[in-house]
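Pasted below: protein.tsv, TSV, C-alpha atoms and all ligand atoms.
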```
chain	number	residue	atom	x	y	z
A	1196	MET	CA	47.70	15.34	58.84
A	1197	ARG	CA	45.99	12.39	57.15
A	1198	PHE	CA	43.27	10.47	59.01
A	1199	PRO	CA	42.87	7.75	60.01
A	1200	GLN	CA	46.41	7.62	61.29
A	1201	ILE	CA	47.97	4.18	61.29
A	1202	SER	CA	50.17	2.97	64.13
A	1203	SER	CA	51.83	-0.29	63.13
A	1204	SER	CA	52.23	-2.77	66.00
A	1205	LEU	CA	55.60	-4.53	65.91
A	1206	LEU	CA	54.16	-7.41	67.94
A	1207	SER	CA	53.31	-9.16	64.66
A	1208	ALA	CA	56.56	-8.21	62.91
A	1209	ASP	CA	59.59	-10.49	62.53
A	1210	PHE	CA	61.33	-10.12	65.92
A	1211	ALA	CA	64.67	-11.14	64.41
A	1212	ARG	CA	64.51	-8.18	61.99
A	1213	LEU	CA	62.63	-5.42	63.81
A	1214	GLY	CA	64.73	-2.60	62.38
A	1215	GLU	CA	64.15	-3.74	58.80
A	1216	GLU	CA	60.44	-4.22	59.53
A	1217	ILE	CA	60.20	-0.58	60.68
A	1218	LYS	CA	61.94	0.54	57.48
A	1219	ALA	CA	59.51	-1.51	55.39
A	1220	VAL	CA	56.42	0.24	56.82
A	1221	GLU	CA	57.93	3.67	57.51
A	1222	PRO	CA	56.76	5.43	54.29
A	1223	PHE	CA	53.16	4.28	54.75
A	1224	VAL	CA	52.34	4.67	58.46
A	1225	ASP	CA	52.13	7.54	60.94
A	1226	MET	CA	53.49	5.95	64.13
A	1227	ILE	CA	55.19	2.81	65.36
A	1228	HIS	CA	53.24	1.01	68.12
A	1229	LEU	CA	55.42	-0.81	70.65
A	1230	ASP	CA	53.67	-3.23	73.03
A	1231	VAL	CA	55.60	-3.73	76.27
A	1232	MET	CA	54.36	-6.80	78.18
A	1233	ASP	CA	55.60	-8.27	81.45
A	1234	GLY	CA	53.95	-11.72	81.74
A	1235	HIS	CA	52.18	-10.46	84.88
A	1236	PHE	CA	49.77	-7.69	83.91
A	1237	VAL	CA	49.11	-9.63	80.72
A	1238	PRO	CA	49.87	-13.32	80.00
A	1239	ASN	CA	52.68	-12.63	77.52
A	1240	ILE	CA	56.20	-11.17	77.48
A	1241	SER	CA	57.47	-8.98	74.64
A	1242	PHE	CA	60.35	-6.48	74.95
A	1243	GLY	CA	61.41	-3.51	77.03
A	1244	PRO	CA	63.46	-0.29	77.07
A	1245	PRO	CA	66.74	-1.66	75.59
A	1246	VAL	CA	64.97	-2.94	72.48
A	1247	ILE	CA	63.05	0.32	72.09
A	1248	ALA	CA	66.29	2.31	72.44
A	1249	ALA	CA	67.97	0.15	69.79
A	1250	LEU	CA	65.04	0.65	67.40
A	1251	ARG	CA	65.01	4.41	67.98
A	1252	THR	CA	67.93	4.82	65.57
A	1253	TRP	CA	65.93	3.30	62.68
A	1254	THR	CA	63.24	5.97	62.25
A	1255	THR	CA	62.08	9.44	63.20
A	1256	LEU	CA	58.42	8.35	63.23
A	1257	PRO	CA	56.75	8.81	66.63
A	1258	PHE	CA	57.11	5.84	68.98
A	1259	ASP	CA	53.68	5.07	70.43
A	1260	VAL	CA	54.47	2.87	73.43
A	1261	HIS	CA	51.66	0.81	74.96
A	1262	LEU	CA	52.63	-0.33	78.45
A	1263	MET	CA	51.07	-3.58	79.67
A	1264	LEU	CA	53.01	-4.09	82.85
A	1265	SER	CA	52.47	-3.69	86.55
A	1266	PRO	CA	53.55	-1.81	88.57
A	1267	VAL	CA	54.01	0.63	85.70
A	1268	ASP	CA	55.50	3.69	87.44
A	1269	PRO	CA	59.13	2.45	87.75
A	1270	PHE	CA	59.27	1.97	83.97
A	1271	LEU	CA	58.05	5.39	82.84
A	1272	LYS	CA	61.46	7.06	82.96
A	1273	PRO	CA	63.36	4.20	81.22
A	1274	ILE	CA	60.68	4.08	78.51
A	1275	ALA	CA	60.84	7.85	77.97
A	1276	LYS	CA	64.64	7.72	77.89
A	1277	ALA	CA	64.53	4.91	75.34
A	1278	GLY	CA	62.78	7.29	72.94
A	1279	ALA	CA	59.02	7.06	73.46
A	1280	ASN	CA	56.95	9.98	72.16
A	1281	ILE	CA	53.58	8.74	73.43
A	1282	ILE	CA	53.29	6.57	76.54
A	1283	THR	CA	49.94	4.85	77.09
A	1284	VAL	CA	49.05	3.21	80.39
A	1285	HIS	CA	46.16	1.18	81.78
A	1286	PRO	CA	44.49	2.57	84.93
A	1287	GLU	CA	44.72	-0.94	86.46
A	1288	SER	CA	48.51	-1.03	86.14
A	1289	GLY	CA	49.29	1.26	89.06
A	1290	PRO	CA	47.69	2.61	92.21
A	1291	HIS	CA	47.32	6.25	91.04
A	1292	ILE	CA	46.51	6.80	87.38
A	1293	TYR	CA	46.38	10.60	87.80
A	1294	ARG	CA	49.93	10.68	89.19
A	1295	THR	CA	51.15	8.29	86.50
A	1296	LEU	CA	49.79	10.54	83.73
A	1297	GLN	CA	51.32	13.61	85.39
A	1298	GLU	CA	54.68	11.88	85.43
A	1299	ILE	CA	54.46	10.96	81.74
A	1300	LYS	CA	53.84	14.64	80.92
A	1301	ALA	CA	56.68	15.72	83.21
A	1302	LEU	CA	58.98	13.40	81.26
A	1303	GLY	CA	58.12	15.37	78.11
A	1304	CYS	CA	55.98	12.68	76.46
A	1305	ARG	CA	52.39	12.71	75.29
A	1306	ALA	CA	50.18	10.73	77.67
A	1307	GLY	CA	47.66	8.06	76.76
A	1308	VAL	CA	45.15	6.11	78.82
A	1309	ALA	CA	44.03	2.64	77.70
A	1310	LEU	CA	40.65	1.10	78.45
A	1311	ASN	CA	40.37	-2.69	78.57
A	1312	PRO	CA	37.16	-4.24	77.22
A	1313	GLY	CA	35.81	-4.50	80.78
A	1314	THR	CA	36.89	-1.03	81.89
A	1315	PRO	CA	34.11	1.57	81.88
A	1316	ILE	CA	34.65	5.18	80.80
A	1317	GLU	CA	33.28	6.70	83.99
A	1318	SER	CA	36.60	7.98	85.35
A	1319	LEU	CA	37.74	9.42	81.99
A	1320	PRO	CA	36.31	12.95	82.43
A	1321	LEU	CA	38.59	13.46	85.43
A	1322	LEU	CA	41.63	12.50	83.37
A	1323	LEU	CA	40.87	14.45	80.19
A	1324	PRO	CA	42.98	17.52	81.07
A	1325	LEU	CA	46.02	15.23	81.29
A	1326	VAL	CA	45.58	13.00	78.27
A	1327	ASP	CA	46.60	13.43	74.64
A	1328	LEU	CA	45.31	10.03	73.55
A	1329	ILE	CA	42.60	7.59	74.62
A	1330	LEU	CA	43.07	3.97	73.58
A	1331	VAL	CA	40.02	1.73	73.40
A	1332	MET	CA	41.06	-1.93	73.45
A	1333	THR	CA	38.97	-4.07	71.13
A	1334	VAL	CA	40.56	-7.32	72.36
A	1335	ASN	CA	41.82	-8.42	75.77
A	1336	PRO	CA	45.41	-7.14	75.88
A	1337	GLY	CA	48.27	-9.61	75.56
A	1338	PHE	CA	48.33	-11.08	72.07
A	1339	GLY	CA	48.12	-10.15	68.43
A	1340	GLY	CA	45.76	-11.87	66.03
A	1341	GLN	CA	42.67	-11.97	68.25
A	1342	THR	CA	39.07	-11.44	67.18
A	1343	PHE	CA	37.72	-7.88	67.24
A	1344	LEU	CA	35.14	-7.30	69.99
A	1345	LYS	CA	32.17	-5.55	68.41
A	1346	SER	CA	30.81	-4.87	71.90
A	1347	GLN	CA	33.39	-2.06	72.17
A	1348	LEU	CA	31.91	0.04	69.35
A	1349	LYS	CA	29.52	1.78	71.72
A	1350	LYS	CA	32.43	2.68	74.00
A	1351	ILE	CA	34.30	4.22	71.06
A	1352	LYS	CA	31.22	6.34	70.28
A	1353	ASP	CA	30.90	7.39	73.94
A	1354	VAL	CA	34.58	8.35	74.11
A	1355	ARG	CA	34.24	10.32	70.86
A	1356	ALA	CA	31.31	12.26	72.37
A	1357	LEU	CA	33.38	13.00	75.50
A	1358	ILE	CA	36.34	14.23	73.44
A	1359	ASN	CA	34.11	16.44	71.32
A	1360	GLU	CA	32.87	18.17	74.47
A	1361	THR	CA	36.39	19.28	75.37
A	1362	ASN	CA	38.62	21.84	73.70
A	1363	HIS	CA	41.56	19.45	73.85
A	1364	ASP	CA	43.11	17.85	70.84
A	1365	ILE	CA	42.83	14.22	72.00
A	1366	LEU	CA	43.51	11.30	69.67
A	1367	LEU	CA	41.09	8.35	69.80
A	1368	GLN	CA	43.02	5.17	69.16
A	1369	VAL	CA	41.67	1.63	68.75
A	1370	ASP	CA	43.81	-1.48	69.23
A	1371	GLY	CA	42.99	-5.15	68.58
A	1372	GLY	CA	41.57	-7.06	65.65
A	1373	ILE	CA	41.76	-4.10	63.26
A	1374	SER	CA	41.43	-5.30	59.66
A	1375	PRO	CA	40.00	-3.94	56.40
A	1376	ASP	CA	36.63	-5.29	57.63
A	1377	THR	CA	36.66	-3.74	61.11
A	1378	ALA	CA	38.48	-0.47	60.33
A	1379	PRO	CA	35.39	1.19	58.75
A	1380	LEU	CA	33.34	0.29	61.87
A	1381	VAL	CA	35.74	1.97	64.30
A	1382	ILE	CA	36.25	5.00	62.04
A	1383	GLU	CA	32.48	5.38	61.79
A	1384	ALA	CA	32.30	5.19	65.61
A	1385	GLY	CA	34.81	8.05	65.88
A	1386	ALA	CA	38.32	6.55	66.07
A	1387	ASN	CA	41.10	8.43	64.27
A	1388	VAL	CA	44.17	6.28	65.03
A	1389	LEU	CA	44.17	2.59	64.11
A	1390	VAL	CA	46.68	0.22	65.67
A	1391	ALA	CA	47.27	-2.84	63.52
A	1392	GLY	CA	49.69	-5.73	63.77
A	1393	THR	CA	48.54	-8.85	61.96
A	1394	ALA	CA	46.72	-6.88	59.27
A	1395	ILE	CA	49.99	-5.14	58.31
A	1396	PHE	CA	52.74	-7.70	58.93
A	1397	HIS	CA	51.55	-10.60	56.84
A	1398	GLY	CA	53.00	-11.75	53.58
A	1399	LYS	CA	56.40	-10.54	52.40
A	1400	ALA	CA	57.56	-6.97	53.12
A	1401	ASP	CA	56.61	-5.84	49.62
A	1402	LYS	CA	52.95	-6.51	50.53
A	1403	TYR	CA	52.90	-4.15	53.52
A	1404	GLU	CA	52.09	-1.04	51.49
A	1405	LYS	CA	49.01	-2.76	50.05
A	1406	ASN	CA	48.00	-4.11	53.46
A	1407	ILE	CA	48.13	-0.57	54.89
A	1408	SER	CA	46.18	0.90	51.96
A	1409	HIS	CA	43.43	-1.62	52.61
A	1410	LEU	CA	43.22	-0.44	56.21
A	1411	ARG	CA	42.85	3.15	55.02
A	1412	GLY	CA	40.01	2.01	52.78
A	1413	ILE	CA	42.00	2.37	49.58
A	1414	LEU	CA	41.49	-0.76	47.51
B	1501	LIG	C1	47.50	-6.56	72.06
B	1501	LIG	C2	48.30	-5.39	71.60
B	1501	LIG	C3	48.10	-5.01	70.19
B	1501	LIG	C4	48.38	-6.11	69.19
B	1501	LIG	C5	47.31	-5.96	68.15
B	1501	LIG	O1	47.49	-6.58	73.44
B	1501	LIG	O2	48.04	-4.24	72.38
B	1501	LIG	O3	48.80	-3.81	69.85
B	1501	LIG	O4	49.63	-6.05	68.56
B	1501	LIG	O5	47.43	-7.00	67.26
B	1501	LIG	P1	46.40	-7.26	66.08
B	1501	LIG	O6	46.40	-6.02	65.24
B	1501	LIG	O7	46.96	-8.45	65.42
B	1501	LIG	O8	45.06	-7.51	66.74
B	1502	ZN	ZN	48.93	-2.33	71.75
```

Give the structure from the file, written as structure tokens.
Ligand code: DX5
Ligand code: ZN
Amino acid sequence: MRFPQISSSLLSADFARLGEEIKAVEPFVDMIHLDVMDGHFVPNISFGPPVIAALRTWTTLPFDVHLMLSPVDPFLKPIAKAGANIITVHPESGPHIYRTLQEIKALGCRAGVALNPGTPIESLPLLLPLVDLILVMTVNPGFGGQTFLKSQLKKIKDVRALINETNHDILLQVDGGISPDTAPLVIEAGANVLVAGTAIFHGKADKYEKNISHLRGIL
């Protein structure tokens, strides 16, 4: 498997042509990142299970679904049924994060936990046996195109140290403001999966391959 893995966030893609946008990045990325937002947990609304199910027919790439909604538990089953492979949740989006992660696993998906910029890593050790992915947010969740928060680099390093202490194969994903300038910083800090929206979906579709190469550090 090539690292860093790239998970392309459809939030910055053309919403009128999401299927074609997936096809345009498919040969160059490792996962498709789908941001589900409810206008309540975060101040924006995106899309939900029916759209994910419709997109499922366009690719066999893993669907990496980032849930930004509250309460999150009633949506786990519909999201899994729609075709998610990884489901990532925020501890603040439900009353019992441990139970939520157990349910994701029971649904046959890989489980991720997402840490907002203000969320400390203190409770992570208790969750490690249940998680396949840890997502460090480097912007406040809700919108694409925001400025990368350098203050989160220390957290990425701390999470990397925690993962290295375990025998589990846990992916360390970073989401928000990832660009050719910030990618080397988060890779250096220990991230191995980069989520990117704006940095990929700008310019015409024939530019996407180049945009993705720049993220991987290939100029
Ligand atoms: C923001 C989302 C991100 C968003 C990132 O809440 O979780 O996945 O699409 O967008 P960029 O890469 O533009 O910062
Ligand atoms: Zn996201």

**OP:** Can you pull out every residue within 6 Å of range 1301-1318 of chain A, counting all atoms listed in the file, but drop anything in the same chain fewer than 4 positions away, and send it as an NGL selection string?
**Re:** :A and (1280-1285 or 1326-1332)

Output for the residues just chosen: C-alpha atoms as a PDB file, in the frame of the given file:
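Just written: result_5.pdb:
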```pdb
ATOM      1  CA  ASN A1280      56.950   9.980  72.160  1.00  0.00           C
ATOM      2  CA  ILE A1281      53.580   8.740  73.430  1.00  0.00           C
ATOM      3  CA  ILE A1282      53.290   6.570  76.540  1.00  0.00           C
ATOM      4  CA  THR A1283      49.940   4.850  77.090  1.00  0.00           C
ATOM      5  CA  VAL A1284      49.050   3.210  80.390  1.00  0.00           C
ATOM      6  CA  HIS A1285      46.160   1.180  81.780  1.00  0.00           C
ATOM      7  CA  VAL A1326      45.580  13.000  78.270  1.00  0.00           C
ATOM      8  CA  ASP A1327      46.600  13.430  74.640  1.00  0.00           C
ATOM      9  CA  LEU A1328      45.310  10.030  73.550  1.00  0.00           C
ATOM     10  CA  ILE A1329      42.600   7.590  74.620  1.00  0.00           C
ATOM     11  CA  LEU A1330      43.070   3.970  73.580  1.00  0.00           C
ATOM     12  CA  VAL A1331      40.020   1.730  73.400  1.00  0.00           C
ATOM     13  CA  MET A1332      41.060  -1.930  73.450  1.00  0.00           C
TER      14      MET A1332
END
```

**OP:** Write out as number ranges by chain each polymer residue whose atoms come within 9 Å of His1409 in chain A, counting all atoms listed in the file; drop sequence neighbours fewer than 4 positions from it.
**Re:** A: 1374-1375, 1404-1405, 1413-1414

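Minimum atom-to-atom distance to Ile1382 in chain A, evaluated using all atoms listed in the file, belongs to A:Gln1200 out of A:Thr1255, A:Gln1200, A:Ser1346, A:Asn1359.
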
Original post:
If I put a ball of radius 12 Å at (46.3, 6.2, 88.8) in the file's coordinates, which residues poke into it when counting all atoms listed in the file, written as a ChimeraX atom specification?
Top reply: /A:1265-1268,1284-1299,1308-1309,1318-1319,1321-1322,1325

**OP:** For ligand ZN 1502 (chain B), list the contacting residues at 10 Å or closer, counting only C-alpha atoms and all ligand atoms, as a VMD selection string.
**Re:** chain A and resid 1202 to 1206 1228 to 1232 1259 to 1263 1283 1309 1330 to 1332 1334 1336 to 1339 1368 to 1371 1390 to 1392

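Put simply, CA of Phe1270 in chain A is 27.4 Å away from CA of Val1220 in chain A.
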
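With only C-alpha atoms and all ligand atoms as the atoms that count, the minimum distance from ligand LIG 1501 (chain B) to the choices A:Thr1361, A:Asn1239, A:Gln1341, A:Asn1387 is reached by A:Gln1341.
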
**OP:** Just the residues within 10 Å of Ala1208 in chain A, please, counting only C-alpha atoms, with nothing from its chain fewer than 5 positions along; format it as a list in words.
**Re:** Ser1203, Leu1213, Gly1214, Glu1215, Glu1216, Ile1217, Gly1392, Thr1393, Ile1395, Phe1396, His1397 and Ala1400 of chain A

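Residue nearest ligand LIG 1501 (chain B), chosen from A:Met1196, A:Ala1378, A:Ile1358, A:Ala1394 and counting only C-alpha atoms and all ligand atoms: A:Ala1394.
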
Centre and size of axis-aligned box enclosing range 1369-1378 of chain A plus 8 Å each side, as lines of an AutoDock Vina configuration file:
```
center_x = 40.2
center_y = -2.7
center_z = 62.8
size_x = 23.2
size_y = 24.7
size_z = 28.8
```

Subject >> Nearest-residue call for ligand LIG 1501 (chain B), choices A:Lys1349, A:Pro1222, A:Thr1377, A:Lys1272, using only C-alpha atoms and all ligand atoms >> reply: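 Among the listed residues, the smallest separation from ligand LIG 1501 (chain B) belongs to A:Thr1377.
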